[in-house]
$ cat input-v7.cif   # mmCIF, C-alpha atoms and all ligand atoms
data_coords
loop_
_atom_site.label_atom_id
_atom_site.label_comp_id
_atom_site.auth_asym_id
_atom_site.auth_seq_id
_atom_site.Cartn_x
_atom_site.Cartn_y
_atom_site.Cartn_z
CA ILE A 1 85.18 11.93 -40.56
CA VAL A 2 86.45 8.41 -39.93
CA VAL A 3 84.11 5.54 -40.82
CA ALA A 4 84.87 1.83 -40.95
CA SER A 5 83.58 -0.17 -43.91
CA ALA A 6 82.47 -2.66 -41.22
CA ASN A 7 82.89 -3.31 -37.46
CA PRO A 8 81.37 -0.93 -36.54
CA GLU A 9 78.82 -0.58 -39.33
CA PRO A 10 78.86 2.81 -41.09
CA ARG A 11 75.81 5.01 -40.42
CA ARG A 12 74.64 7.51 -42.99
CA GLY A 13 72.78 9.69 -40.53
CA LEU A 14 75.89 10.29 -38.47
CA ILE A 15 77.99 11.14 -41.53
CA ASP A 16 75.29 13.55 -42.74
CA ARG A 17 75.21 15.35 -39.41
CA PHE A 18 78.99 15.65 -39.30
CA LEU A 19 79.01 17.02 -42.85
CA VAL A 20 76.32 19.60 -42.12
CA SER A 21 78.17 20.73 -39.00
CA ALA A 22 81.42 21.01 -40.94
CA PHE A 23 79.66 23.05 -43.60
CA ILE A 24 78.15 25.41 -41.03
CA GLU A 25 81.48 25.84 -39.22
CA LYS A 26 83.37 26.26 -42.51
CA ILE A 27 85.49 23.20 -41.77
CA HIS A 28 86.69 21.29 -44.83
CA PRO A 29 85.40 17.72 -44.40
CA ILE A 30 87.13 14.59 -45.67
CA ILE A 31 85.76 11.09 -45.21
CA VAL A 32 88.32 8.39 -44.40
CA VAL A 33 87.00 4.86 -44.85
CA THR A 34 89.02 2.40 -42.74
CA LYS A 35 89.00 -1.42 -42.53
CA ILE A 36 88.68 -1.93 -46.27
CA ASP A 37 90.33 -5.31 -45.61
CA VAL A 38 87.16 -6.39 -43.77
CA ALA A 39 84.46 -5.25 -46.21
CA PRO A 40 84.18 -3.31 -49.47
CA ILE A 41 83.67 0.45 -49.36
CA PRO A 42 79.96 1.07 -48.62
CA GLU A 43 78.01 1.75 -51.80
CA PHE A 44 76.35 4.87 -50.43
CA MET A 45 79.75 6.61 -50.37
CA VAL A 46 79.23 7.48 -54.05
CA ASN A 47 76.46 9.86 -52.94
CA TYR A 48 78.95 11.85 -50.90
CA GLN A 49 81.45 11.75 -53.73
CA SER A 50 78.88 13.26 -56.08
CA LEU A 51 78.41 16.09 -53.57
CA GLY A 52 82.12 16.83 -53.93
CA VAL A 53 83.27 15.37 -50.62
CA GLU A 54 86.75 13.85 -50.81
CA ILE A 55 86.85 10.20 -49.80
CA MET A 56 90.08 8.45 -48.82
CA THR A 57 90.39 4.76 -47.99
CA THR A 58 92.82 2.77 -45.89
CA SER A 59 93.47 -0.44 -44.03
CA SER A 60 95.95 -0.97 -41.24
CA LYS A 61 96.13 -4.62 -42.30
CA LEU A 62 97.16 -4.22 -45.94
CA SER A 63 100.58 -3.57 -47.44
CA SER A 64 99.19 -0.42 -49.10
CA ARG A 65 98.94 1.24 -45.66
CA LYS A 66 102.17 3.19 -46.04
CA GLU A 67 101.05 4.92 -49.24
CA GLU A 68 97.55 5.52 -47.84
CA VAL A 69 98.94 7.13 -44.70
CA ALA A 70 101.28 9.27 -46.83
CA ALA A 71 98.29 10.45 -48.90
CA ILE A 72 96.35 11.32 -45.75
CA GLU A 73 99.40 13.04 -44.27
CA SER A 74 99.75 15.21 -47.36
CA VAL A 75 96.18 16.57 -47.10
CA LEU A 76 96.65 17.21 -43.36
CA ARG A 77 100.02 18.91 -43.70
CA ASP A 78 100.25 22.41 -42.16
CA LYS A 79 96.59 22.29 -41.10
CA VAL A 80 94.82 21.66 -37.82
CA SER A 81 92.59 18.61 -38.25
CA VAL A 82 90.39 16.52 -36.02
CA LEU A 83 89.44 12.86 -36.43
CA VAL A 84 85.84 12.16 -35.45
CA GLY A 85 83.73 9.01 -35.62
CA HIS A 86 82.31 6.09 -33.73
CA SER A 87 84.39 4.13 -31.25
CA GLY A 88 86.42 1.39 -32.88
CA VAL A 89 86.68 2.82 -36.39
CA GLY A 90 90.45 3.15 -36.09
CA LYS A 91 91.08 6.81 -35.29
CA SER A 92 93.89 6.14 -32.80
CA THR A 93 95.35 3.41 -35.02
CA LEU A 94 95.59 5.97 -37.82
CA ILE A 95 97.10 8.58 -35.49
CA ASN A 96 99.78 6.10 -34.44
CA ASP A 97 100.75 5.67 -38.10
CA LEU A 98 100.65 9.41 -38.79
CA VAL A 99 102.61 10.34 -35.65
CA PRO A 100 105.04 7.53 -34.84
CA ALA A 101 105.70 8.85 -31.31
CA ALA A 102 102.00 9.20 -30.49
CA ASP A 103 101.67 5.87 -28.70
CA ARG A 104 97.86 6.14 -28.51
CA MET A 105 96.13 3.19 -26.95
CA THR A 106 93.90 1.19 -29.31
CA GLY A 107 91.23 -1.36 -28.40
CA ASP A 108 89.64 -4.20 -30.32
CA VAL A 109 85.96 -4.10 -31.19
CA ASN A 110 83.49 -6.35 -29.40
CA ASP A 111 83.11 -9.53 -31.52
CA VAL A 112 79.42 -9.86 -30.72
CA THR A 113 78.18 -6.31 -31.19
CA GLY A 114 80.86 -5.13 -33.63
CA ARG A 115 81.17 -1.99 -31.52
CA GLY A 116 84.22 -0.27 -30.15
CA ARG A 117 85.07 -0.20 -26.46
CA HIS A 118 85.55 3.56 -26.09
CA THR A 119 89.28 3.15 -25.64
CA SER A 120 90.26 6.81 -26.00
CA SER A 121 88.66 8.86 -23.26
CA SER A 122 89.99 12.32 -23.98
CA ALA A 123 90.94 14.44 -26.96
CA ILE A 124 94.59 15.18 -27.60
CA ALA A 125 96.37 17.29 -30.22
CA LEU A 126 99.58 15.89 -31.66
CA ALA A 127 102.12 17.59 -33.92
CA LEU A 128 102.42 15.99 -37.35
CA PRO A 129 106.08 15.28 -38.24
CA GLU A 130 105.82 17.24 -41.53
CA GLY A 131 103.87 20.14 -40.01
CA GLY A 132 100.33 20.66 -38.80
CA TRP A 133 98.30 19.26 -35.95
CA ILE A 134 96.04 16.25 -35.67
CA ILE A 135 93.53 15.80 -32.88
CA ASP A 136 92.46 12.34 -31.72
CA THR A 137 89.04 12.27 -30.05
CA PRO A 138 87.05 9.66 -28.12
CA GLY A 139 84.53 7.75 -30.22
CA ILE A 140 81.12 9.34 -29.99
CA ARG A 141 77.88 7.51 -29.27
CA ALA A 142 75.63 10.08 -30.88
CA PHE A 143 75.98 13.43 -32.54
CA GLY A 144 72.94 15.62 -32.95
CA LEU A 145 72.19 18.89 -34.63
CA ALA A 146 69.74 20.08 -31.98
CA HIS A 147 71.87 23.10 -31.24
CA ARG A 148 71.73 24.18 -34.88
CA ASN A 149 69.47 26.75 -36.39
CA PRO A 150 67.22 24.97 -38.95
CA ARG A 151 67.95 27.81 -41.38
CA ASP A 152 71.68 27.02 -41.24
CA ILE A 153 70.94 23.36 -41.93
CA VAL A 154 68.97 24.25 -45.06
CA GLN A 155 71.89 26.44 -46.17
CA ALA A 156 74.12 23.36 -46.01
CA PHE A 157 72.14 22.04 -49.00
CA PRO A 158 72.77 24.84 -51.52
CA ASP A 159 70.55 23.37 -54.26
CA LEU A 160 67.62 23.02 -51.84
CA ALA A 161 68.25 26.37 -50.16
CA GLU A 162 67.74 28.08 -53.50
CA VAL A 163 64.30 26.48 -53.87
CA ALA A 164 63.38 26.95 -50.21
CA ALA A 165 63.94 30.69 -50.62
CA SER A 166 60.52 30.84 -52.23
CA CYS A 167 58.78 28.98 -49.37
CA MET A 168 56.32 30.88 -47.22
CA SER A 169 58.05 32.53 -44.28
CA HIS A 170 58.31 30.16 -41.29
CA CYS A 171 57.83 27.14 -43.56
CA SER A 172 59.02 24.09 -41.60
CA HIS A 173 59.76 22.39 -44.97
CA ALA A 174 57.68 19.46 -43.72
CA GLU A 175 54.33 20.86 -44.81
CA ASP A 176 52.37 20.23 -48.03
CA SER A 177 52.70 23.81 -49.22
CA CYS A 178 56.53 23.65 -49.04
CA ALA A 179 58.13 24.77 -52.30
CA LEU A 180 60.45 21.79 -52.14
CA ASN A 181 57.54 19.42 -52.86
CA ALA A 182 56.84 21.15 -56.15
CA TRP A 183 60.56 21.10 -56.98
CA VAL A 184 60.71 17.31 -56.54
CA SER A 185 57.85 16.66 -58.94
CA ALA A 186 58.78 19.38 -61.43
CA ASP A 187 61.26 17.21 -63.33
CA SER A 188 60.39 13.53 -63.72
CA SER A 189 63.91 12.60 -64.86
CA GLN A 190 65.36 13.86 -61.57
CA GLU A 191 62.47 13.01 -59.30
CA VAL A 192 64.09 10.03 -57.53
CA GLU A 193 67.34 11.82 -56.81
CA ARG A 194 65.58 14.99 -55.69
CA ARG A 195 63.33 13.05 -53.36
CA ILE A 196 66.36 11.44 -51.69
CA ARG A 197 67.95 14.86 -51.22
CA LEU A 198 64.76 16.26 -49.73
CA GLU A 199 64.28 13.27 -47.41
CA SER A 200 67.87 13.66 -46.26
CA LEU A 201 67.28 17.33 -45.44
CA ARG A 202 63.99 16.58 -43.70
CA SER A 203 65.49 13.85 -41.55
CA LEU A 204 68.14 16.32 -40.38
CA LEU A 205 65.55 19.01 -39.67
CA GLU A 206 63.48 16.48 -37.73
CA VAL A 207 66.43 15.72 -35.48
CA THR A 208 66.72 19.38 -34.58
CA LEU A 209 63.01 19.71 -33.97
CA SER A 210 62.69 16.66 -31.74
CA VAL A 211 65.89 17.43 -29.81
CA ASP A 212 66.58 13.71 -29.85
CA LEU A 213 70.30 13.41 -29.31
CA GLY A 214 70.40 9.80 -28.27
CA HIS A 215 68.56 8.24 -31.18
CA GLU A 216 70.57 6.79 -34.05
CA SER A 217 68.63 5.04 -36.77
CA ASN A 218 70.13 2.04 -38.51
CA THR A 219 68.97 3.00 -41.93
CA GLY A 220 68.89 6.77 -41.57
CA ILE A 221 69.70 8.74 -44.67
N1 LIG A 301 90.88 -5.02 -39.78
C1 LIG A 301 91.20 -3.77 -39.45
N2 LIG A 301 91.23 -3.40 -38.15
C2 LIG A 301 91.55 -2.12 -37.86
C3 LIG A 301 91.85 -1.16 -38.86
N3 LIG A 301 92.11 0.03 -38.25
C4 LIG A 301 91.99 -0.20 -36.92
N4 LIG A 301 91.66 -1.49 -36.68
C5 LIG A 301 91.39 -2.12 -35.39
O1 LIG A 301 90.16 -1.60 -34.88
C6 LIG A 301 90.22 -1.55 -33.45
C7 LIG A 301 89.85 -0.17 -32.96
O2 LIG A 301 90.87 0.74 -33.32
P1 LIG A 301 91.12 2.10 -32.52
O3 LIG A 301 92.19 2.82 -33.26
O4 LIG A 301 91.31 1.85 -31.09
O5 LIG A 301 89.72 2.83 -32.75
P2 LIG A 301 89.28 4.31 -32.27
O6 LIG A 301 88.49 4.88 -33.38
O7 LIG A 301 90.44 5.07 -31.79
O8 LIG A 301 88.29 3.94 -31.06
P3 LIG A 301 87.94 4.82 -29.73
O9 LIG A 301 89.21 5.32 -29.14
O10 LIG A 301 87.23 3.85 -28.85
O11 LIG A 301 87.04 5.91 -30.21
C8 LIG A 301 91.64 -2.00 -33.06
O12 LIG A 301 91.59 -3.37 -32.73
C9 LIG A 301 92.43 -1.78 -34.34
O13 LIG A 301 93.53 -2.66 -34.44
C10 LIG A 301 91.81 -1.59 -40.23
O14 LIG A 301 92.04 -0.83 -41.17
N5 LIG A 301 91.47 -2.89 -40.45
MG MG A 302 90.85 5.96 -29.98
ZN ZN A 303 59.51 24.89 -47.28
#

$ encode --input "input-v7.cif" --output "structure tokens" --more "lines below"
Ligand SMILES: Nc1nc2c(ncn2[C@@H]2O[C@H](COP(=O)(O)OP(=O)(O)OP(=O)(O)O)[C@@H](O)[C@H]2O)c(=O)[nH]1
Ligand SMILES: [Mg+2]
Ligand SMILES: [Zn+2]
Amino acid sequence: IVVASANPEPRRGLIDRFLVSAFIEKIHPIIVVTKIDVAPIPEFMVNYQSLGVEIMTTSSKLSSRKEEVAAIESVLRDKVSVLVGHSGVGKSTLINDLVPAADRMTGDVNDVTGRGRHTSSSAIALALPEGGWIIDTPGIRAFGLAHRNPRDIVQAFPDLAEVAASCMSHCSHAEDSCALNAWVSADSSQEVERRIRLESLRSLLEVTLSVDLGHESNTGI
């Protein structure tokens, strides 16, 4: 999951949906934060780190690029991997450094909107020099979970799934009687953190219920 620290702005909701999909498909997710020369790593990344998601950082503009690319190459070696993310985050730029012969076209981001220009228009798999495959994909505008079974989404949150097991059957997890509400208020020392987890789950479940693929909130958890 490739996200830029800025230009374009990172979006939590999109990262959450990618992570849930990866979990459901049994794909090992790694977050690569690019453009750390432009802005510091977004603070909310620590939340993903505490969930055990590996986070790697890089900048095509800094002298540390070579070592960063080598570190990324070593986790990709002998595996089939795909780079996904918004347009303009630097997927093709990274591919060009991972696969010197790739010659993928890259495009600058729009100065006014900070958005990419959808430079790559098709997905392509390239052989990594040290073994393995890397797939470059076009930047996506939106990525929804509407095609997912809500039960699978809950399973992507193991701590919440355990609690939700005692919900009434067919609980939407949005109703007052939901067991997750009691779980949040059961421990005052963990209440804030638990509420954030529950809101994150509920926002993902809402997306599937409303079948709203095009909507991307700015602040979405
Ligand atoms: N400052 C800075 N710019 C970067 C970095 N990585 C990539 N860029 C620039 O960001 C722009 C977009 O890069 P691309 O590699 O084309 O982005 P992409 O993710 O492949 O975009 P799409 O193909 O449209 O999905 C280009 O102008 C790159 O030079 C970085 O680490 N720092
Ligand atoms: Mg590209
Ligand atoms: Zn429930």

$ residues_near_ligand --input "input-v7.cif" --ligand "ligand MG 302 (chain A)" --cutoff "6 Å" --atoms "only C-alpha atoms and all ligand atoms" --output "list in words"
Lys91, Ser92, Thr106, Thr119, Ser120 and Pro138 of chain A

$ closest_residue --input "input-v7.cif" --among "A:Ala39, A:Ala22, A:Met168, A:Leu160" --to "A:Ile196" --atoms "only C-alpha atoms"
A:Leu160

$ residues_near_ligand --input "input-v7.cif" --ligand "ligand ZN 303 (chain A)" --cutoff "8 Å" --atoms "all atoms listed in the file" --output "PDB file with C-alpha atoms, in the coordinates of the input"
ATOM      1  CA  ALA A 164      63.380  26.950 -50.210  1.00  0.00           C
ATOM      2  CA  SER A 166      60.520  30.840 -52.230  1.00  0.00           C
ATOM      3  CA  CYS A 167      58.780  28.980 -49.370  1.00  0.00           C
ATOM      4  CA  MET A 168      56.320  30.880 -47.220  1.00  0.00           C
ATOM      5  CA  CYS A 171      57.830  27.140 -43.560  1.00  0.00           C
ATOM      6  CA  SER A 172      59.020  24.090 -41.600  1.00  0.00           C
ATOM      7  CA  HIS A 173      59.760  22.390 -44.970  1.00  0.00           C
ATOM      8  CA  ALA A 174      57.680  19.460 -43.720  1.00  0.00           C
ATOM      9  CA  GLU A 175      54.330  20.860 -44.810  1.00  0.00           C
ATOM     10  CA  SER A 177      52.700  23.810 -49.220  1.00  0.00           C
ATOM     11  CA  CYS A 178      56.530  23.650 -49.040  1.00  0.00           C
ATOM     12  CA  ALA A 179      58.130  24.770 -52.300  1.00  0.00           C
ATOM     13  CA  LEU A 180      60.450  21.790 -52.140  1.00  0.00           C
TER      14      LEU A 180
END

$ residues_near_ligand --input "input-v7.cif" --ligand "ligand LIG 301 (chain A)" --cutoff "9 Å" --atoms "only C-alpha atoms and all ligand atoms" --output "ChimeraX atom specification"
/A:2-8,33-38,57-62,65,83-96,104-109,115-122,136-140

$ atom_distance --input "input-v7.cif" --atom1 "atom CA of A:Lys79" --atom2 "atom CA of A:Met56"
17.1 Å

$ atom_distance --input "input-v7.cif" --atom1 "atom CA of A:Lys26" --atom2 "atom CA of A:Asp78"
17.3 Å

$ atom_distance --input "input-v7.cif" --atom1 "atom CA of A:Asp16" --atom2 "atom CA of A:Ala123"
22.2 Å

$ closest_residue --input "input-v7.cif" --among "A:Val20, A:Leu128, A:Met45, A:Ile1" --to "A:Ser74" --atoms "all atoms listed in the file"
A:Leu128

$ residues_near_point --input "input-v7.cif" --point "(68.1, 25.1, -45.8)" --cutoff "10 Å" --atoms "all atoms listed in the file" --output "PyMOL selection string"
chain A and resi 149-165+173+201-202+205

$ closest_residue --input "input-v7.cif" --among "A:Val192, A:Val69, A:Val82, A:Leu14" --to "A:Pro100" --atoms "all atoms listed in the file"
A:Val69

$ residues_around --input "input-v7.cif" --residues "A:Leu126" --least-positions-apart "3" --cutoff "7 Å" --atoms "all atoms listed in the file" --output "PDB file with C-alpha atoms, in the frame of the given file"
ATOM      1  CA  TRP A 133      98.300  19.260 -35.950  1.00  0.00           C
ATOM      2  CA  ILE A 134      96.040  16.250 -35.670  1.00  0.00           C
ATOM      3  CA  ILE A 135      93.530  15.800 -32.880  1.00  0.00           C
TER       4      ILE A 135
END

$ closest_residue --input "input-v7.cif" --among "A:Leu98, A:Ala142, A:Leu19, A:Val53" --to "A:Ile72" --atoms "only C-alpha atoms"
A:Leu98

$ closest_residue --input "input-v7.cif" --among "A:Glu9, A:Arg197, A:Ser188, A:Ser64" --to "A:Pro40" --atoms "only C-alpha atoms"
A:Glu9
